[in-house]
Amino acid sequence: MLTKQYYVYVLSNWNNKVLYVGVTNDLKRRVYEHKHKLVDGFTRKYNVHKLVYYEVTEEIEAAILREKQIKGGSRQKKNDLVERFNPKWEDLWGQL
């Protein structure tokens with residue numbers, strides 16, 4: 001039996017000043033959409049397409065709850081989360 005995977009992810013812009021938190025069931029596709037500006041809205045407007053953080057869960061409810069938790073945190077908490085996972089704020093797109 002295949003288990004579904006859900007991803008909570010954080011994108012940033014080139015200088016890491018803008019953050020976007022999202023949830024998806026296909027991280028590679030979703031980041032591709034952001035990178036190629038196929039998604040209207042915030043990420044397109046602010047050129048946010050660098051994948052700097054992600055986590056995986058098998059429960060959609062857990063992913064949504066975690067997304068809300070991250071979004072509700074301070075900027076410093078978001079920075080700390082990214083820096084523990086990805087200290088150099090590198091684009092993780094190539095690792096997918």
# chains A, B, ... in the order shown; residues from 1 in each chain; ligands from 1

$ select_by_dssp --residues "segment 6-94 of chain A" --states "helix (DSSP H, G or I)" --output "ChimeraX atom specification"
/A:27-35,42-45,60-72,75-85,92-94

$ residues_around --residues "Glu59 of chain A" --least-positions-apart "6" --cutoff "9 Å" --atoms "only C-alpha atoms" --output "list of chain:residue names"
A:Lys4, A:Gln5, A:Tyr6

$ atom_distance --atom1 "atom CA of Val18 of chain A" --atom2 "atom CA of Val48 of chain A"
7.1 Å

$ closest_residue --among "A:Tyr46, A:Trp93, A:Tyr32, A:Tyr7" --to "Leu65 of chain A" --atoms "only C-alpha atoms"
A:Tyr7

$ closest_residue --among "A:Lys71, A:Val31, A:Asn15, A:Lys77" --to "Leu51 of chain A" --atoms "only C-alpha atoms"
A:Val31

$ residues_around --residues "Val23 of chain A" --least-positions-apart "6" --cutoff "12 Å" --atoms "only C-alpha atoms" --output "PDB file with N, CA and C atoms, in the first residue's frame"
ATOM      1  N   GLN A   5       2.231  11.379   0.919  1.00  0.00           N
ATOM      2  CA  GLN A   5       3.118  12.265   1.659  1.00  0.00           C
ATOM      3  C   GLN A   5       2.679  13.702   1.433  1.00  0.00           C
ATOM      4  N   TYR A   6       2.790  14.476   2.494  1.00  0.00           N
ATOM      5  CA  TYR A   6       2.446  15.892   2.451  1.00  0.00           C
ATOM      6  C   TYR A   6       3.648  16.681   2.942  1.00  0.00           C
ATOM      7  N   TYR A   7       3.835  17.837   2.362  1.00  0.00           N
ATOM      8  CA  TYR A   7       5.012  18.646   2.652  1.00  0.00           C
ATOM      9  C   TYR A   7       4.602  20.029   3.135  1.00  0.00           C
ATOM     10  N   VAL A   8       5.266  20.471   4.170  1.00  0.00           N
ATOM     11  CA  VAL A   8       5.189  21.863   4.599  1.00  0.00           C
ATOM     12  C   VAL A   8       6.517  22.464   4.166  1.00  0.00           C
ATOM     13  N   TYR A   9       6.474  23.604   3.495  1.00  0.00           N
ATOM     14  CA  TYR A   9       7.701  24.144   2.936  1.00  0.00           C
ATOM     15  C   TYR A   9       7.789  25.649   3.141  1.00  0.00           C
ATOM     16  N   VAL A  10       9.025  26.131   3.094  1.00  0.00           N
ATOM     17  CA  VAL A  10       9.281  27.562   3.195  1.00  0.00           C
ATOM     18  C   VAL A  10      10.096  27.969   1.978  1.00  0.00           C
ATOM     19  N   LEU A  11       9.614  28.997   1.312  1.00  0.00           N
ATOM     20  CA  LEU A  11      10.329  29.589   0.188  1.00  0.00           C
ATOM     21  C   LEU A  11      10.827  30.967   0.597  1.00  0.00           C
ATOM     22  N   ARG A  29       6.659  19.427  -7.833  1.00  0.00           N
ATOM     23  CA  ARG A  29       5.759  20.137  -8.752  1.00  0.00           C
ATOM     24  C   ARG A  29       5.465  21.549  -8.257  1.00  0.00           C
ATOM     25  N   ARG A  30       5.188  21.659  -6.954  1.00  0.00           N
ATOM     26  CA  ARG A  30       4.793  22.949  -6.395  1.00  0.00           C
ATOM     27  C   ARG A  30       5.932  23.959  -6.464  1.00  0.00           C
ATOM     28  N   VAL A  31       7.144  23.545  -6.133  1.00  0.00           N
ATOM     29  CA  VAL A  31       8.277  24.461  -6.212  1.00  0.00           C
ATOM     30  C   VAL A  31       8.532  24.847  -7.669  1.00  0.00           C
ATOM     31  N   TYR A  53      13.417  25.311   3.141  1.00  0.00           N
ATOM     32  CA  TYR A  53      13.044  24.401   4.225  1.00  0.00           C
ATOM     33  C   TYR A  53      11.860  23.558   3.780  1.00  0.00           C
ATOM     34  N   TYR A  54      11.838  22.313   4.246  1.00  0.00           N
ATOM     35  CA  TYR A  54      10.635  21.492   4.074  1.00  0.00           C
ATOM     36  C   TYR A  54      10.642  20.364   5.085  1.00  0.00           C
ATOM     37  N   GLU A  55       9.471  19.876   5.368  1.00  0.00           N
ATOM     38  CA  GLU A  55       9.309  18.699   6.213  1.00  0.00           C
ATOM     39  C   GLU A  55       8.191  17.856   5.633  1.00  0.00           C
ATOM     40  N   VAL A  56       8.191  16.573   5.978  1.00  0.00           N
ATOM     41  CA  VAL A  56       7.270  15.609   5.386  1.00  0.00           C
ATOM     42  C   VAL A  56       6.423  14.953   6.469  1.00  0.00           C
ATOM     43  N   THR A  57       5.165  14.705   6.132  1.00  0.00           N
ATOM     44  CA  THR A  57       4.275  13.954   7.007  1.00  0.00           C
ATOM     45  C   THR A  57       3.348  13.110   6.145  1.00  0.00           C
ATOM     46  N   GLU A  59       0.152  12.647   7.113  1.00  0.00           N
ATOM     47  CA  GLU A  59      -1.192  13.089   7.472  1.00  0.00           C
ATOM     48  C   GLU A  59      -1.424  14.519   7.007  1.00  0.00           C
ATOM     49  N   ILE A  60      -2.448  14.729   6.186  1.00  0.00           N
ATOM     50  CA  ILE A  60      -2.747  16.079   5.699  1.00  0.00           C
ATOM     51  C   ILE A  60      -3.102  17.009   6.852  1.00  0.00           C
ATOM     52  N   GLU A  61      -3.815  16.495   7.844  1.00  0.00           N
ATOM     53  CA  GLU A  61      -4.191  17.331   8.982  1.00  0.00           C
ATOM     54  C   GLU A  61      -2.955  17.824   9.725  1.00  0.00           C
ATOM     55  N   ALA A  62      -1.968  16.959   9.878  1.00  0.00           N
ATOM     56  CA  ALA A  62      -0.719  17.336  10.548  1.00  0.00           C
ATOM     57  C   ALA A  62       0.034  18.384   9.730  1.00  0.00           C
ATOM     58  N   ALA A  63       0.022  18.238   8.418  1.00  0.00           N
ATOM     59  CA  ALA A  63       0.701  19.201   7.548  1.00  0.00           C
ATOM     60  C   ALA A  63       0.047  20.575   7.645  1.00  0.00           C
ATOM     61  N   ILE A  64      -1.267  20.608   7.618  1.00  0.00           N
ATOM     62  CA  ILE A  64      -1.990  21.883   7.705  1.00  0.00           C
ATOM     63  C   ILE A  64      -1.768  22.535   9.063  1.00  0.00           C
ATOM     64  N   LEU A  65      -1.821  21.742  10.114  1.00  0.00           N
ATOM     65  CA  LEU A  65      -1.579  22.263  11.457  1.00  0.00           C
ATOM     66  C   LEU A  65      -0.168  22.836  11.578  1.00  0.00           C
ATOM     67  N   ARG A  66       0.800  22.111  11.035  1.00  0.00           N
ATOM     68  CA  ARG A  66       2.196  22.579  11.089  1.00  0.00           C
ATOM     69  C   ARG A  66       2.377  23.853  10.272  1.00  0.00           C
ATOM     70  N   GLU A  67       1.745  23.941   9.112  1.00  0.00           N
ATOM     71  CA  GLU A  67       1.820  25.154   8.292  1.00  0.00           C
ATOM     72  C   GLU A  67       1.299  26.348   9.090  1.00  0.00           C
ATOM     73  N   LYS A  68       0.168  26.183   9.751  1.00  0.00           N
ATOM     74  CA  LYS A  68      -0.407  27.265  10.551  1.00  0.00           C
ATOM     75  C   LYS A  68       0.507  27.639  11.709  1.00  0.00           C
ATOM     76  N   GLN A  69       1.127  26.622  12.313  1.00  0.00           N
ATOM     77  CA  GLN A  69       2.048  26.870  13.421  1.00  0.00           C
ATOM     78  C   GLN A  69       3.238  27.706  12.956  1.00  0.00           C
ATOM     79  N   ILE A  70       3.808  27.338  11.832  1.00  0.00           N
ATOM     80  CA  ILE A  70       4.966  28.082  11.302  1.00  0.00           C
ATOM     81  C   ILE A  70       4.542  29.492  10.911  1.00  0.00           C
ATOM     82  N   LYS A  71       3.428  29.609  10.195  1.00  0.00           N
ATOM     83  CA  LYS A  71       2.948  30.928   9.777  1.00  0.00           C
ATOM     84  C   LYS A  71       2.680  31.837  10.971  1.00  0.00           C
TER      85      LYS A  71
END

$ select_by_dssp --residues "chain A" --states "strand (DSSP E)" --output "list in words"
Tyr6, Tyr7, Val8, Tyr9, Val10, Leu11, Ser12, Leu19, Tyr20, Val21, Gly22, Val23, Thr24, Lys50, Leu51, Val52, Tyr53, Tyr54, Glu55, Val56 and Thr57 of chain A

$ write_last_selection --atoms "N, CA and C atoms" --output "mmCIF file, in the first residue's frame"
data_model
loop_
_atom_site.group_PDB
_atom_site.id
_atom_site.type_symbol
_atom_site.label_atom_id
_atom_site.label_comp_id
_atom_site.auth_asym_id
_atom_site.auth_seq_id
_atom_site.Cartn_x
_atom_site.Cartn_y
_atom_site.Cartn_z
ATOM 1 N N TYR A 6 2.790 14.476 2.494
ATOM 2 C CA TYR A 6 2.446 15.892 2.451
ATOM 3 C C TYR A 6 3.648 16.681 2.942
ATOM 4 N N TYR A 7 3.835 17.837 2.362
ATOM 5 C CA TYR A 7 5.012 18.646 2.652
ATOM 6 C C TYR A 7 4.602 20.029 3.135
ATOM 7 N N VAL A 8 5.266 20.471 4.170
ATOM 8 C CA VAL A 8 5.189 21.863 4.599
ATOM 9 C C VAL A 8 6.517 22.464 4.166
ATOM 10 N N TYR A 9 6.474 23.604 3.495
ATOM 11 C CA TYR A 9 7.701 24.144 2.936
ATOM 12 C C TYR A 9 7.789 25.649 3.141
ATOM 13 N N VAL A 10 9.025 26.131 3.094
ATOM 14 C CA VAL A 10 9.281 27.562 3.195
ATOM 15 C C VAL A 10 10.096 27.969 1.978
ATOM 16 N N LEU A 11 9.614 28.997 1.312
ATOM 17 C CA LEU A 11 10.329 29.589 0.188
ATOM 18 C C LEU A 11 10.827 30.967 0.597
ATOM 19 N N SER A 12 11.893 31.406 -0.044
ATOM 20 C CA SER A 12 12.402 32.750 0.193
ATOM 21 C C SER A 12 12.781 33.378 -1.142
ATOM 22 N N LEU A 19 9.595 35.614 3.171
ATOM 23 C CA LEU A 19 9.338 34.192 3.382
ATOM 24 C C LEU A 19 7.896 33.866 3.015
ATOM 25 N N TYR A 20 7.716 32.660 2.511
ATOM 26 C CA TYR A 20 6.393 32.136 2.191
ATOM 27 C C TYR A 20 6.319 30.721 2.736
ATOM 28 N N VAL A 21 5.246 30.408 3.429
ATOM 29 C CA VAL A 21 5.046 29.067 3.984
ATOM 30 C C VAL A 21 3.854 28.433 3.284
ATOM 31 N N GLY A 22 4.017 27.205 2.811
ATOM 32 C CA GLY A 22 2.939 26.524 2.116
ATOM 33 C C GLY A 22 2.886 25.048 2.451
ATOM 34 N N VAL A 23 1.850 24.398 1.937
ATOM 35 C CA VAL A 23 1.673 22.959 2.118
ATOM 36 C C VAL A 23 1.263 22.364 0.774
ATOM 37 N N THR A 24 1.734 21.165 0.481
ATOM 38 C CA THR A 24 1.426 20.521 -0.791
ATOM 39 C C THR A 24 1.579 19.009 -0.668
ATOM 40 N N LYS A 50 12.866 30.339 -3.880
ATOM 41 C CA LYS A 50 14.006 29.547 -3.386
ATOM 42 C C LYS A 50 13.531 28.664 -2.230
ATOM 43 N N LEU A 51 13.584 27.358 -2.424
ATOM 44 C CA LEU A 51 13.177 26.416 -1.382
ATOM 45 C C LEU A 51 14.270 26.351 -0.318
ATOM 46 N N VAL A 52 13.934 26.800 0.908
ATOM 47 C CA VAL A 52 14.941 26.832 1.969
ATOM 48 C C VAL A 52 14.639 25.866 3.115
ATOM 49 N N TYR A 53 13.417 25.311 3.141
ATOM 50 C CA TYR A 53 13.044 24.401 4.225
ATOM 51 C C TYR A 53 11.860 23.558 3.780
ATOM 52 N N TYR A 54 11.838 22.313 4.246
ATOM 53 C CA TYR A 54 10.635 21.492 4.074
ATOM 54 C C TYR A 54 10.642 20.364 5.085
ATOM 55 N N GLU A 55 9.471 19.876 5.368
ATOM 56 C CA GLU A 55 9.309 18.699 6.213
ATOM 57 C C GLU A 55 8.191 17.856 5.633
ATOM 58 N N VAL A 56 8.191 16.573 5.978
ATOM 59 C CA VAL A 56 7.270 15.609 5.386
ATOM 60 C C VAL A 56 6.423 14.953 6.469
ATOM 61 N N THR A 57 5.165 14.705 6.132
ATOM 62 C CA THR A 57 4.275 13.954 7.007
ATOM 63 C C THR A 57 3.348 13.110 6.145
#

$ atom_distance --atom1 "atom CA of Asp91 of chain A" --atom2 "atom CA of Trp14 of chain A"
9.5 Å

$ closest_residue --among "A:Asn47, A:Asn86, A:Ser74, A:Gln95" --to "His34 of chain A" --atoms "only C-alpha atoms"
A:Asn47

$ closest_residue --among "A:Gly73, A:Leu96, A:Thr43, A:Val82" --to "Asn13 of chain A" --atoms "only C-alpha atoms"
A:Thr43

$ atom_distance --atom1 "atom CA of Asp80 of chain A" --atom2 "atom CA of His49 of chain A"
19.3 Å

$ decode --residues "segment 64-79 of chain A" --atoms "C-alpha atoms" --output "PDB file, in the first residue's frame"
ATOM      1  CA  ILE A  64      -1.990  21.883   7.705  1.00  0.00           C
ATOM      2  CA  LEU A  65      -1.579  22.263  11.457  1.00  0.00           C
ATOM      3  CA  ARG A  66       2.196  22.579  11.089  1.00  0.00           C
ATOM      4  CA  GLU A  67       1.820  25.154   8.292  1.00  0.00           C
ATOM      5  CA  LYS A  68      -0.407  27.265  10.551  1.00  0.00           C
ATOM      6  CA  GLN A  69       2.048  26.870  13.421  1.00  0.00           C
ATOM      7  CA  ILE A  70       4.966  28.082  11.302  1.00  0.00           C
ATOM      8  CA  LYS A  71       2.948  30.928   9.777  1.00  0.00           C
ATOM      9  CA  GLY A  72       1.855  32.043  13.238  1.00  0.00           C
ATOM     10  CA  GLY A  73       5.395  32.204  14.555  1.00  0.00           C
ATOM     11  CA  SER A  74       7.580  35.272  14.593  1.00  0.00           C
ATOM     12  CA  ARG A  75      10.030  36.028  11.825  1.00  0.00           C
ATOM     13  CA  GLN A  76      12.830  35.046  14.214  1.00  0.00           C
ATOM     14  CA  LYS A  77      11.250  31.632  14.804  1.00  0.00           C
ATOM     15  CA  LYS A  78      10.983  31.102  11.049  1.00  0.00           C
ATOM     16  CA  ASN A  79      14.617  32.142  10.595  1.00  0.00           C
TER      17      ASN A  79
END
